[in-house]
$ cat model.txt   # compact mmCIF, C-alpha atoms
# COMPACT_ATOMS: atom_id res chain seq x y z
CA MET A 18 30.43 -80.73 52.70
CA LYS A 19 30.83 -83.39 50.07
CA LYS A 20 30.35 -80.84 47.29
CA ARG A 21 32.90 -78.42 48.76
CA PHE A 22 35.43 -81.21 49.13
CA LYS A 23 34.96 -82.18 45.48
CA ASN A 24 35.57 -78.58 44.36
CA LYS A 25 38.87 -78.43 46.20
CA LEU A 26 40.04 -81.55 44.37
CA ASN A 27 39.09 -79.97 40.97
CA LYS A 28 42.26 -78.27 39.55
CA SER A 29 40.61 -76.65 36.45
CA PRO A 30 40.47 -72.77 36.49
CA LYS A 31 37.24 -71.17 37.59
CA LYS A 32 35.42 -69.04 35.05
CA ASN A 33 34.24 -66.48 37.62
CA GLY A 34 37.71 -65.98 38.98
CA LEU A 35 39.14 -65.39 35.53
CA LEU A 36 36.51 -62.75 34.75
CA LEU A 37 37.18 -60.94 37.98
CA CYS A 38 40.89 -60.95 37.26
CA ILE A 39 40.41 -59.42 33.81
CA CYS A 40 38.18 -56.66 35.21
CA ALA A 41 40.74 -55.85 37.91
CA VAL A 42 43.55 -55.54 35.33
CA CYS A 43 41.43 -53.23 33.10
CA ILE A 44 40.49 -51.01 35.99
CA THR A 45 44.15 -50.74 37.01
CA LEU A 46 45.25 -49.76 33.48
CA ILE A 47 42.48 -47.16 33.03
CA SER A 48 43.22 -45.60 36.40
CA GLY A 49 46.90 -45.30 35.53
CA MET A 50 46.13 -43.61 32.22
CA LEU A 51 43.79 -41.09 33.83
CA ILE A 52 46.33 -40.20 36.48
CA GLY A 53 49.06 -39.81 33.83
CA CYS A 54 46.95 -37.52 31.65
CA SER A 55 46.07 -35.37 34.64
CA ALA A 56 49.71 -35.04 35.55
CA ILE A 57 50.68 -34.04 31.99
CA GLU A 58 47.88 -31.47 31.80
CA ASN A 59 48.93 -29.92 35.07
CA ASP A 60 52.53 -29.75 33.93
CA LEU A 61 51.68 -27.84 30.70
CA PRO A 62 52.30 -24.04 30.93
CA GLU A 63 49.31 -21.79 30.52
CA GLU A 64 49.00 -20.49 26.96
CA THR A 65 48.76 -16.71 26.70
CA VAL A 66 46.68 -15.39 23.78
CA GLN A 67 47.50 -11.88 22.67
CA ILE A 68 44.82 -10.06 20.68
CA GLU A 69 46.21 -7.45 18.32
CA PRO A 70 44.32 -4.14 18.47
CA ILE A 71 41.94 -3.74 15.50
CA SER A 72 43.10 -0.24 14.67
CA GLN A 73 46.73 -1.30 14.53
CA SER A 74 45.83 -4.32 12.39
CA LEU A 75 43.93 -2.14 9.93
CA GLU A 76 46.78 0.34 9.81
CA ASP A 77 49.30 -2.38 9.06
CA ASN A 78 47.01 -3.79 6.38
CA THR A 79 46.64 -0.35 4.78
CA ASN A 80 50.39 0.19 4.79
CA THR A 81 50.88 -3.21 3.17
CA GLN A 82 48.39 -2.48 0.41
CA ASN A 83 49.47 1.11 -0.28
CA GLY A 84 53.20 0.60 0.12
CA ASN A 85 53.71 3.84 2.04
CA ILE A 86 52.02 7.13 2.83
CA GLU A 87 53.60 8.83 -0.18
CA ASP A 88 51.15 7.00 -2.46
CA LEU A 89 48.17 8.92 -1.03
CA PRO A 90 48.56 12.19 -3.03
CA GLU A 91 48.08 10.27 -6.28
CA GLN A 92 44.84 8.86 -4.90
CA SER A 93 43.74 12.39 -3.96
CA VAL A 94 44.47 13.66 -7.46
CA GLU A 95 42.57 10.75 -8.97
CA LEU A 96 39.61 11.46 -6.72
CA GLU A 97 39.73 15.12 -7.68
CA GLU A 98 39.66 14.36 -11.41
CA ASN A 99 36.86 11.86 -10.98
CA THR A 100 34.86 14.54 -9.16
CA TYR A 101 35.40 17.02 -12.02
CA LYS A 102 34.29 14.29 -14.39
CA SER A 103 31.16 13.63 -12.38
CA ILE A 104 30.27 17.33 -12.33
CA LEU A 105 30.90 17.86 -16.05
CA LEU A 106 28.70 14.85 -16.82
CA GLY A 107 25.95 16.34 -14.63
CA LYS A 108 26.01 13.44 -12.17
CA SER A 109 26.97 15.54 -9.15
CA ASN A 110 26.85 19.18 -8.06
CA PHE A 111 29.40 21.83 -7.15
CA ILE A 112 29.27 24.60 -4.56
CA CYS A 113 28.39 27.86 -6.31
CA THR A 114 30.02 30.74 -4.44
CA ASP A 115 27.96 33.28 -6.41
CA LEU A 116 24.77 31.77 -4.95
CA ALA A 117 25.80 31.82 -1.28
CA ASN A 118 27.47 28.39 -1.55
CA GLU A 119 24.36 26.72 -2.92
CA SER A 120 24.72 23.28 -4.47
CA LEU A 121 24.39 23.66 -8.23
CA ASN A 122 24.26 21.27 -11.16
CA ILE A 123 25.94 22.13 -14.43
CA SER A 124 22.54 22.01 -16.12
CA GLU A 125 21.55 24.97 -13.88
CA ILE A 126 24.66 27.03 -14.66
CA GLY A 127 22.50 29.92 -15.86
CA ARG A 128 21.49 30.69 -12.27
CA ALA A 129 25.10 31.65 -11.53
CA VAL A 130 25.00 34.24 -14.34
CA THR A 131 21.53 35.80 -14.37
CA ASP A 132 18.10 35.72 -12.73
CA ASP A 133 16.40 36.16 -16.10
CA ASP A 134 14.77 32.84 -17.02
CA SER A 135 14.40 33.97 -20.63
CA VAL A 136 18.19 33.97 -21.04
CA THR A 137 19.74 30.66 -22.05
CA VAL A 138 23.13 29.99 -20.48
CA SER A 139 25.14 26.84 -21.13
CA ALA A 140 28.69 25.54 -20.89
CA ALA A 141 29.98 25.13 -24.43
CA LYS A 142 33.63 24.21 -23.86
CA PHE A 143 35.95 23.17 -21.06
CA THR A 144 39.61 22.79 -20.25
CA ILE A 145 41.52 21.05 -17.47
CA MET A 146 44.70 22.77 -16.30
CA ASP A 147 46.60 24.08 -13.29
CA ILE A 148 45.57 27.73 -13.12
CA ASP A 149 47.16 28.77 -9.83
CA GLY A 150 50.37 26.73 -10.14
CA ASP A 151 49.84 24.62 -7.01
CA GLY A 152 50.33 21.32 -8.85
CA GLU A 153 46.63 20.40 -8.96
CA ASP A 154 44.30 21.02 -11.88
CA GLU A 155 41.21 23.15 -12.09
CA ALA A 156 38.33 22.69 -14.51
CA VAL A 157 37.27 25.78 -16.48
CA LEU A 158 33.93 26.01 -18.28
CA TRP A 159 33.50 28.44 -21.17
CA LEU A 160 29.96 29.80 -20.93
CA GLN A 161 27.76 31.12 -23.69
CA ILE A 162 24.54 33.15 -23.52
CA ASN A 163 21.91 32.65 -26.20
CA ASN A 164 24.58 30.90 -28.33
CA ILE A 165 26.97 33.87 -27.97
CA SER A 166 30.34 32.47 -26.92
CA ASP A 167 32.05 35.46 -25.31
CA CYS A 168 29.94 35.42 -22.18
CA GLY A 169 31.99 34.29 -19.24
CA PHE A 170 33.61 31.42 -17.40
CA GLU A 171 32.97 29.12 -14.47
CA ILE A 172 36.14 28.01 -12.69
CA LEU A 173 35.86 24.80 -10.65
CA HIS A 174 38.44 24.50 -7.90
CA TYR A 175 38.96 21.48 -5.62
CA GLN A 176 39.54 22.37 -1.97
CA ASN A 177 39.06 20.51 1.31
CA GLY A 178 37.17 17.68 -0.31
CA GLU A 179 34.70 19.95 -2.12
CA ILE A 180 34.42 21.53 -5.58
CA TYR A 181 33.81 25.28 -5.53
CA GLY A 182 32.63 27.24 -8.56
CA TYR A 183 33.61 30.87 -9.30
CA THR A 184 31.81 32.80 -12.06
CA LEU A 185 33.78 35.40 -14.03
CA GLN A 186 32.72 37.76 -16.80
CA TYR A 187 34.44 37.35 -20.13
CA ARG A 188 36.46 40.59 -19.88
CA ALA A 189 37.79 39.51 -16.49
CA PHE A 190 39.31 36.26 -17.76
CA MET A 191 40.33 36.45 -21.43
CA ASN A 192 42.97 34.66 -23.49
CA LEU A 193 43.87 32.01 -20.95
CA LYS A 194 47.38 30.62 -21.45
CA THR A 195 48.83 27.25 -20.51
CA ASP A 196 50.81 28.80 -17.64
CA GLY A 197 47.58 30.06 -16.05
CA THR A 198 48.01 33.72 -16.96
CA PHE A 199 45.22 35.65 -18.67
CA LEU A 200 44.17 39.11 -19.78
CA PHE A 201 41.64 41.25 -17.96
CA SER A 202 40.07 44.55 -18.92
CA GLY A 203 37.95 47.09 -17.13
CA GLY A 204 37.80 49.55 -19.98
CA ALA A 205 39.65 50.82 -23.03
CA ALA A 206 42.60 52.07 -21.01
CA ASP A 207 42.32 49.72 -18.03
CA SER A 208 43.73 46.28 -18.74
CA GLY A 209 46.45 43.93 -17.68
CA ILE A 210 47.87 40.44 -17.20
CA GLY A 211 46.86 38.44 -14.17
CA LYS A 212 47.26 35.07 -12.49
CA MET A 213 44.71 33.61 -10.12
CA THR A 214 45.33 32.25 -6.64
CA PHE A 215 42.86 30.51 -4.36
CA SER A 216 42.43 30.68 -0.59
CA GLU A 217 40.06 29.34 2.05
CA THR A 218 37.69 32.24 1.42
CA GLY A 219 37.79 32.54 -2.37
CA TYR A 220 40.23 33.70 -5.02
CA SER A 221 42.30 36.74 -5.90
CA VAL A 222 44.07 37.98 -9.03
CA ASN A 223 47.75 38.84 -8.87
CA THR A 224 48.50 41.43 -11.52
CA GLN A 225 51.77 40.99 -13.39
CA ALA A 226 51.31 44.06 -15.58
CA TYR A 227 48.47 46.55 -15.88
CA SER A 228 47.42 50.00 -16.98
CA GLN A 229 45.03 52.29 -15.19
CA SER A 230 43.46 55.52 -16.32
CA GLY A 231 41.94 58.58 -14.75
CA TYR A 232 41.14 62.19 -15.50
CA ASP A 233 43.26 65.01 -14.18
CA THR A 234 42.10 68.42 -13.04
CA ASN A 235 41.92 69.57 -16.66
CA ASN A 236 39.57 66.66 -17.47
CA GLU A 237 42.22 65.06 -19.60
CA LEU A 238 42.71 61.30 -19.63
CA ASN A 239 45.87 60.21 -17.86
CA VAL A 240 47.08 56.60 -18.25
CA GLN A 241 49.69 54.98 -16.02
CA TYR A 242 51.52 51.73 -16.74
CA PHE A 243 52.94 49.20 -14.31
CA VAL A 244 54.94 45.98 -14.55
CA LYS A 245 55.20 43.96 -11.35
CA ASP A 246 53.74 46.90 -9.45
CA GLU A 247 56.50 49.22 -10.65
CA SER A 248 55.82 52.20 -12.87
CA CYS A 249 56.98 51.85 -16.47
CA SER A 250 56.63 53.49 -19.86
CA GLU A 251 53.90 52.67 -22.37
CA ASP A 252 56.45 50.96 -24.63
CA GLU A 253 57.68 48.73 -21.81
CA PHE A 254 54.10 47.82 -20.98
CA ASN A 255 53.33 46.97 -24.62
CA ASP A 256 56.43 44.78 -24.80
CA VAL A 257 55.10 42.73 -21.88
CA LEU A 258 51.71 42.43 -23.59
CA ASN A 259 53.37 41.25 -26.81
CA GLY A 260 55.28 38.62 -24.85
CA GLN A 261 52.02 37.47 -23.29
CA GLU A 262 50.46 37.02 -26.73
CA GLN A 263 53.33 34.72 -27.76
CA LYS A 264 52.53 32.22 -25.01
CA ALA A 265 50.66 29.01 -25.84
CA ASP A 266 46.89 29.22 -25.52
CA ALA A 267 44.95 26.88 -23.28
CA GLU A 268 43.39 23.98 -25.18
CA TRP A 269 39.60 24.03 -25.15
CA PHE A 270 37.31 21.07 -25.87
CA ASP A 271 33.66 20.87 -26.74
CA LEU A 272 31.68 19.86 -23.67
CA SER A 273 30.60 16.41 -24.80
CA GLU A 274 30.44 13.08 -23.01
CA ASN A 275 33.09 11.59 -25.32
CA ASN A 276 35.54 14.42 -24.65
CA ILE A 277 34.91 14.33 -20.90
CA ASN A 278 35.50 10.58 -20.73
CA ALA A 279 38.60 10.83 -22.92
CA ILE A 280 40.28 13.64 -20.97
CA LEU A 281 39.17 12.65 -17.46
CA GLN A 282 39.74 8.89 -17.68
$ encode --input "model.txt" --output "structure tokens"
Amino acid sequence: MKKRFKNKLNKSPKKNGLLLCICAVCITLISGMLIGCSAIENDLPEETVQIEPISQSLEDNTNTQNGNIEDLPEQSVELEENTYKSILLGKSNFICTDLANESLNISEIGRAVTDDDSVTVSAAKFTIMDIDGDGEDEAVLWLQINNISDCGFEILHYQNGEIYGYTLQYRAFMNLKTDGTFLFSGGAADSGIGKMTFSETGYSVNTQAYSQSGYDTNNELNVQYFVKDESCSEDEFNDVLNGQEQKADAEWFDLSENNINAILQ
């Protein structure tokens, strides 16, 4: 009792009471902050995340890089020329239509001409030009047999992502001009001017002027002349042939790596 009475008379602050007071204040402040944060979080609207479809994103990226769809034909032409270049350099094959669409390398070009292994066939020259007038080039190889130049030709045509090869005898594809026209001959009195067109199944020759011969009942040679499928006189036919000779010849290049790289850059 004496000790309790003395404590009541002591007016100095108690250390334990002060510590309890500080703890109470801290707890109050922390509780208020937690309640406030919870209220703010609940008041925030839910964030909606929209994921852009991958295909659409890639399409937009492609359009941004290429500018527009009209730029694609140039890329196709470039791919086509690079493919010709690869074939001429012997780094890739073409589809040989004369061998039932077999894949063939330019080093094996002789197989498209003959089955005789003793015959040496090679491509001596080449030219790059638009033969059929469709706006896209073809590659034409001038073939030689046993170092004889007037042998034949291999025409490489790009279609549906593939390169197809068509083998022609020399007399079927002579004197190629820059406009794609050429001379063909089936005999002394059978000749003409043609222009080649390609289709899904192969190629065809549109005759612009031609002569054809035959024997009548008296066994005499009879020659007929045509210009644009209409009958004409021999003089009219010869005039068309003379005009054909005046056209510019196709430019041929030796089949060398330097020429291939220079022309098909």
$ atom_distance --input "model.txt" --atom1 "CA of Ala205 (chain A)" --atom2 "CA of Leu158 (chain A)"
25.9 Å
$ closest_residue --input "model.txt" --among "A:Phe170, A:Phe254, A:Phe270, A:Tyr220" --to "Asn192 (chain A)" --atoms "all atoms listed in the file"
A:Phe170
$ residues_around --input "model.txt" --residues "Ser216 (chain A)" --least-positions-apart "3" --cutoff "12 Å" --atoms "all atoms listed in the file" --output "list in words"
Asp149, Asp151, His174, Tyr175, Gln176, Asn177, Tyr181, Met213, Gly219, Tyr220, Ser221 and Val222 of chain A
$ residues_near_point --input "model.txt" --point "(41.5, 42.5, -22.2)" --cutoff "12 Å" --atoms "all atoms listed in the file" --output "ChimeraX atom specification"
/A:186-193,199-211,226-228,258,261-262
$ atom_distance --input "model.txt" --atom1 "CA of Gln229 (chain A)" --atom2 "CA of Phe243 (chain A)"
8.5 Å
$ closest_residue --input "model.txt" --among "A:Cys249, A:Leu160, A:Ala129, A:Leu116" --to "Asp271 (chain A)" --atoms "all atoms listed in the file"
A:Leu160
$ closest_residue --input "model.txt" --among "A:Ile112, A:Asn276, A:Gln161, A:Asp196" --to "Lys264 (chain A)" --atoms "all atoms listed in the file"
A:Asp196
$ atom_distance --input "model.txt" --atom1 "CA of Asn255 (chain A)" --atom2 "CA of Gly231 (chain A)"
19.0 Å
$ residues_around --input "model.txt" --residues "region 132-142 of chain A" --least-positions-apart "6" --cutoff "12 Å" --atoms "all atoms listed in the file" --output "VMD selection string"
chain A and resid 104 to 107 115 to 116 122 to 126 156 to 172 184 267 to 274 276 to 277
$ write_last_selection --input "model.txt" --atoms "C-alpha atoms" --output "tab-separated table (two decimals), in the coordinates of the input"
chain	number	residue	atom	x	y	z
A	104	ILE	CA	30.27	17.33	-12.33
A	105	LEU	CA	30.90	17.86	-16.05
A	106	LEU	CA	28.70	14.85	-16.82
A	107	GLY	CA	25.95	16.34	-14.63
A	115	ASP	CA	27.96	33.28	-6.41
A	116	LEU	CA	24.77	31.77	-4.95
A	122	ASN	CA	24.26	21.27	-11.16
A	123	ILE	CA	25.94	22.13	-14.43
A	124	SER	CA	22.54	22.01	-16.12
A	125	GLU	CA	21.55	24.97	-13.88
A	126	ILE	CA	24.66	27.03	-14.66
A	156	ALA	CA	38.33	22.69	-14.51
A	157	VAL	CA	37.27	25.78	-16.48
A	158	LEU	CA	33.93	26.01	-18.28
A	159	TRP	CA	33.50	28.44	-21.17
A	160	LEU	CA	29.96	29.80	-20.93
A	161	GLN	CA	27.76	31.12	-23.69
A	162	ILE	CA	24.54	33.15	-23.52
A	163	ASN	CA	21.91	32.65	-26.20
A	164	ASN	CA	24.58	30.90	-28.33
A	165	ILE	CA	26.97	33.87	-27.97
A	166	SER	CA	30.34	32.47	-26.92
A	167	ASP	CA	32.05	35.46	-25.31
A	168	CYS	CA	29.94	35.42	-22.18
A	169	GLY	CA	31.99	34.29	-19.24
A	170	PHE	CA	33.61	31.42	-17.40
A	171	GLU	CA	32.97	29.12	-14.47
A	172	ILE	CA	36.14	28.01	-12.69
A	184	THR	CA	31.81	32.80	-12.06
A	267	ALA	CA	44.95	26.88	-23.28
A	268	GLU	CA	43.39	23.98	-25.18
A	269	TRP	CA	39.60	24.03	-25.15
A	270	PHE	CA	37.31	21.07	-25.87
A	271	ASP	CA	33.66	20.87	-26.74
A	272	LEU	CA	31.68	19.86	-23.67
A	273	SER	CA	30.60	16.41	-24.80
A	274	GLU	CA	30.44	13.08	-23.01
A	276	ASN	CA	35.54	14.42	-24.65
A	277	ILE	CA	34.91	14.33	-20.90
$ closest_residue --input "model.txt" --among "A:Asp256, A:Phe111, A:Gly182, A:Ala279" --to "Val130 (chain A)" --atoms "only C-alpha atoms"
A:Gly182
$ build_atoms --input "model.txt" --residues "region 105-116 of chain A" --atoms "all heavy atoms" --output "PDB file, in the coordinates of the input"
ATOM      1  N   LEU A 105      31.048  17.517 -14.633  1.00  0.00           N
ATOM      2  CA  LEU A 105      30.900  17.860 -16.050  1.00  0.00           C
ATOM      3  C   LEU A 105      29.861  16.989 -16.731  1.00  0.00           C
ATOM      4  O   LEU A 105      29.205  17.419 -17.686  1.00  0.00           O
ATOM      5  CB  LEU A 105      32.250  17.738 -16.761  1.00  0.00           C
ATOM      6  CG  LEU A 105      33.356  18.689 -16.297  1.00  0.00           C
ATOM      7  CD1 LEU A 105      34.597  18.542 -17.161  1.00  0.00           C
ATOM      8  CD2 LEU A 105      32.870  20.137 -16.307  1.00  0.00           C
ATOM      9  N   LEU A 106      29.711  15.749 -16.256  1.00  0.00           N
ATOM     10  CA  LEU A 106      28.700  14.850 -16.820  1.00  0.00           C
ATOM     11  C   LEU A 106      27.315  15.104 -16.222  1.00  0.00           C
ATOM     12  O   LEU A 106      26.341  14.469 -16.627  1.00  0.00           O
ATOM     13  CB  LEU A 106      29.099  13.399 -16.592  1.00  0.00           C
ATOM     14  CG  LEU A 106      30.309  12.895 -17.387  1.00  0.00           C
ATOM     15  CD1 LEU A 106      30.677  11.479 -16.963  1.00  0.00           C
ATOM     16  CD2 LEU A 106      30.037  12.946 -18.892  1.00  0.00           C
ATOM     17  N   GLY A 107      27.231  16.019 -15.250  1.00  0.00           N
ATOM     18  CA  GLY A 107      25.950  16.340 -14.630  1.00  0.00           C
ATOM     19  C   GLY A 107      25.483  15.336 -13.606  1.00  0.00           C
ATOM     20  O   GLY A 107      24.317  15.345 -13.207  1.00  0.00           O
ATOM     21  N   LYS A 108      26.387  14.469 -13.136  1.00  0.00           N
ATOM     22  CA  LYS A 108      26.010  13.440 -12.170  1.00  0.00           C
ATOM     23  C   LYS A 108      26.154  13.897 -10.721  1.00  0.00           C
ATOM     24  O   LYS A 108      25.671  13.219  -9.813  1.00  0.00           O
ATOM     25  CB  LYS A 108      26.855  12.186 -12.406  1.00  0.00           C
ATOM     26  CG  LYS A 108      26.615  11.540 -13.763  1.00  0.00           C
ATOM     27  CD  LYS A 108      27.475  10.301 -13.933  1.00  0.00           C
ATOM     28  CE  LYS A 108      27.216   9.637 -15.277  1.00  0.00           C
ATOM     29  NZ  LYS A 108      28.053   8.421 -15.464  1.00  0.00           N
ATOM     30  N   SER A 109      26.842  14.993 -10.499  1.00  0.00           N
ATOM     31  CA  SER A 109      26.970  15.540  -9.150  1.00  0.00           C
ATOM     32  C   SER A 109      27.041  17.060  -9.243  1.00  0.00           C
ATOM     33  O   SER A 109      27.224  17.617 -10.330  1.00  0.00           O
ATOM     34  CB  SER A 109      28.211  14.974  -8.435  1.00  0.00           C
ATOM     35  OG  SER A 109      29.387  15.329  -9.152  1.00  0.00           O
ATOM     36  N   ASN A 110      26.907  17.727  -8.103  1.00  0.00           N
ATOM     37  CA  ASN A 110      26.850  19.180  -8.060  1.00  0.00           C
ATOM     38  C   ASN A 110      28.144  19.776  -7.535  1.00  0.00           C
ATOM     39  O   ASN A 110      28.982  19.083  -6.953  1.00  0.00           O
ATOM     40  CB  ASN A 110      25.683  19.641  -7.186  1.00  0.00           C
ATOM     41  CG  ASN A 110      24.341  19.198  -7.738  1.00  0.00           C
ATOM     42  OD1 ASN A 110      24.243  18.717  -8.871  1.00  0.00           O
ATOM     43  ND2 ASN A 110      23.299  19.361  -6.943  1.00  0.00           N
ATOM     44  N   PHE A 111      28.285  21.082  -7.733  1.00  0.00           N
ATOM     45  CA  PHE A 111      29.400  21.830  -7.150  1.00  0.00           C
ATOM     46  C   PHE A 111      28.830  22.944  -6.274  1.00  0.00           C
ATOM     47  O   PHE A 111      27.639  23.264  -6.340  1.00  0.00           O
ATOM     48  CB  PHE A 111      30.314  22.391  -8.242  1.00  0.00           C
ATOM     49  CG  PHE A 111      29.657  23.413  -9.146  1.00  0.00           C
ATOM     50  CD1 PHE A 111      29.716  24.770  -8.857  1.00  0.00           C
ATOM     51  CD2 PHE A 111      28.988  23.010 -10.290  1.00  0.00           C
ATOM     52  CE1 PHE A 111      29.106  25.705  -9.682  1.00  0.00           C
ATOM     53  CE2 PHE A 111      28.375  23.928 -11.128  1.00  0.00           C
ATOM     54  CZ  PHE A 111      28.431  25.285 -10.823  1.00  0.00           C
ATOM     55  N   ILE A 112      29.682  23.525  -5.446  1.00  0.00           N
ATOM     56  CA  ILE A 112      29.270  24.600  -4.560  1.00  0.00           C
ATOM     57  C   ILE A 112      29.443  25.926  -5.289  1.00  0.00           C
ATOM     58  O   ILE A 112      30.576  26.320  -5.610  1.00  0.00           O
ATOM     59  CB  ILE A 112      30.078  24.583  -3.256  1.00  0.00           C
ATOM     60  CG1 ILE A 112      29.838  23.270  -2.513  1.00  0.00           C
ATOM     61  CG2 ILE A 112      29.705  25.767  -2.371  1.00  0.00           C
ATOM     62  CD1 ILE A 112      30.680  23.112  -1.266  1.00  0.00           C
ATOM     63  N   CYS A 113      28.352  26.598  -5.566  1.00  0.00           N
ATOM     64  CA  CYS A 113      28.390  27.860  -6.310  1.00  0.00           C
ATOM     65  C   CYS A 113      28.574  29.021  -5.333  1.00  0.00           C
ATOM     66  O   CYS A 113      27.663  29.345  -4.568  1.00  0.00           O
ATOM     67  CB  CYS A 113      27.110  28.033  -7.125  1.00  0.00           C
ATOM     68  SG  CYS A 113      27.099  29.523  -8.148  1.00  0.00           S
ATOM     69  N   THR A 114      29.733  29.644  -5.366  1.00  0.00           N
ATOM     70  CA  THR A 114      30.020  30.740  -4.440  1.00  0.00           C
ATOM     71  C   THR A 114      29.215  31.989  -4.779  1.00  0.00           C
ATOM     72  O   THR A 114      29.015  32.846  -3.917  1.00  0.00           O
ATOM     73  CB  THR A 114      31.516  31.074  -4.466  1.00  0.00           C
ATOM     74  OG1 THR A 114      31.908  31.413  -5.809  1.00  0.00           O
ATOM     75  CG2 THR A 114      32.340  29.877  -4.002  1.00  0.00           C
ATOM     76  N   ASP A 115      28.751  32.116  -6.018  1.00  0.00           N
ATOM     77  CA  ASP A 115      27.960  33.280  -6.410  1.00  0.00           C
ATOM     78  C   ASP A 115      26.502  33.155  -5.971  1.00  0.00           C
ATOM     79  O   ASP A 115      25.735  34.106  -6.103  1.00  0.00           O
ATOM     80  CB  ASP A 115      28.022  33.471  -7.926  1.00  0.00           C
ATOM     81  CG  ASP A 115      29.424  33.818  -8.410  1.00  0.00           C
ATOM     82  OD1 ASP A 115      30.207  32.891  -8.670  1.00  0.00           O
ATOM     83  OD2 ASP A 115      29.734  35.013  -8.502  1.00  0.00           O
ATOM     84  N   LEU A 116      26.120  31.997  -5.462  1.00  0.00           N
ATOM     85  CA  LEU A 116      24.770  31.770  -4.950  1.00  0.00           C
ATOM     86  C   LEU A 116      24.818  31.380  -3.477  1.00  0.00           C
ATOM     87  O   LEU A 116      24.105  30.473  -3.031  1.00  0.00           O
ATOM     88  CB  LEU A 116      24.061  30.680  -5.761  1.00  0.00           C
ATOM     89  CG  LEU A 116      23.771  31.003  -7.226  1.00  0.00           C
ATOM     90  CD1 LEU A 116      23.160  29.800  -7.928  1.00  0.00           C
ATOM     91  CD2 LEU A 116      22.836  32.209  -7.345  1.00  0.00           C
TER      92      LEU A 116
END
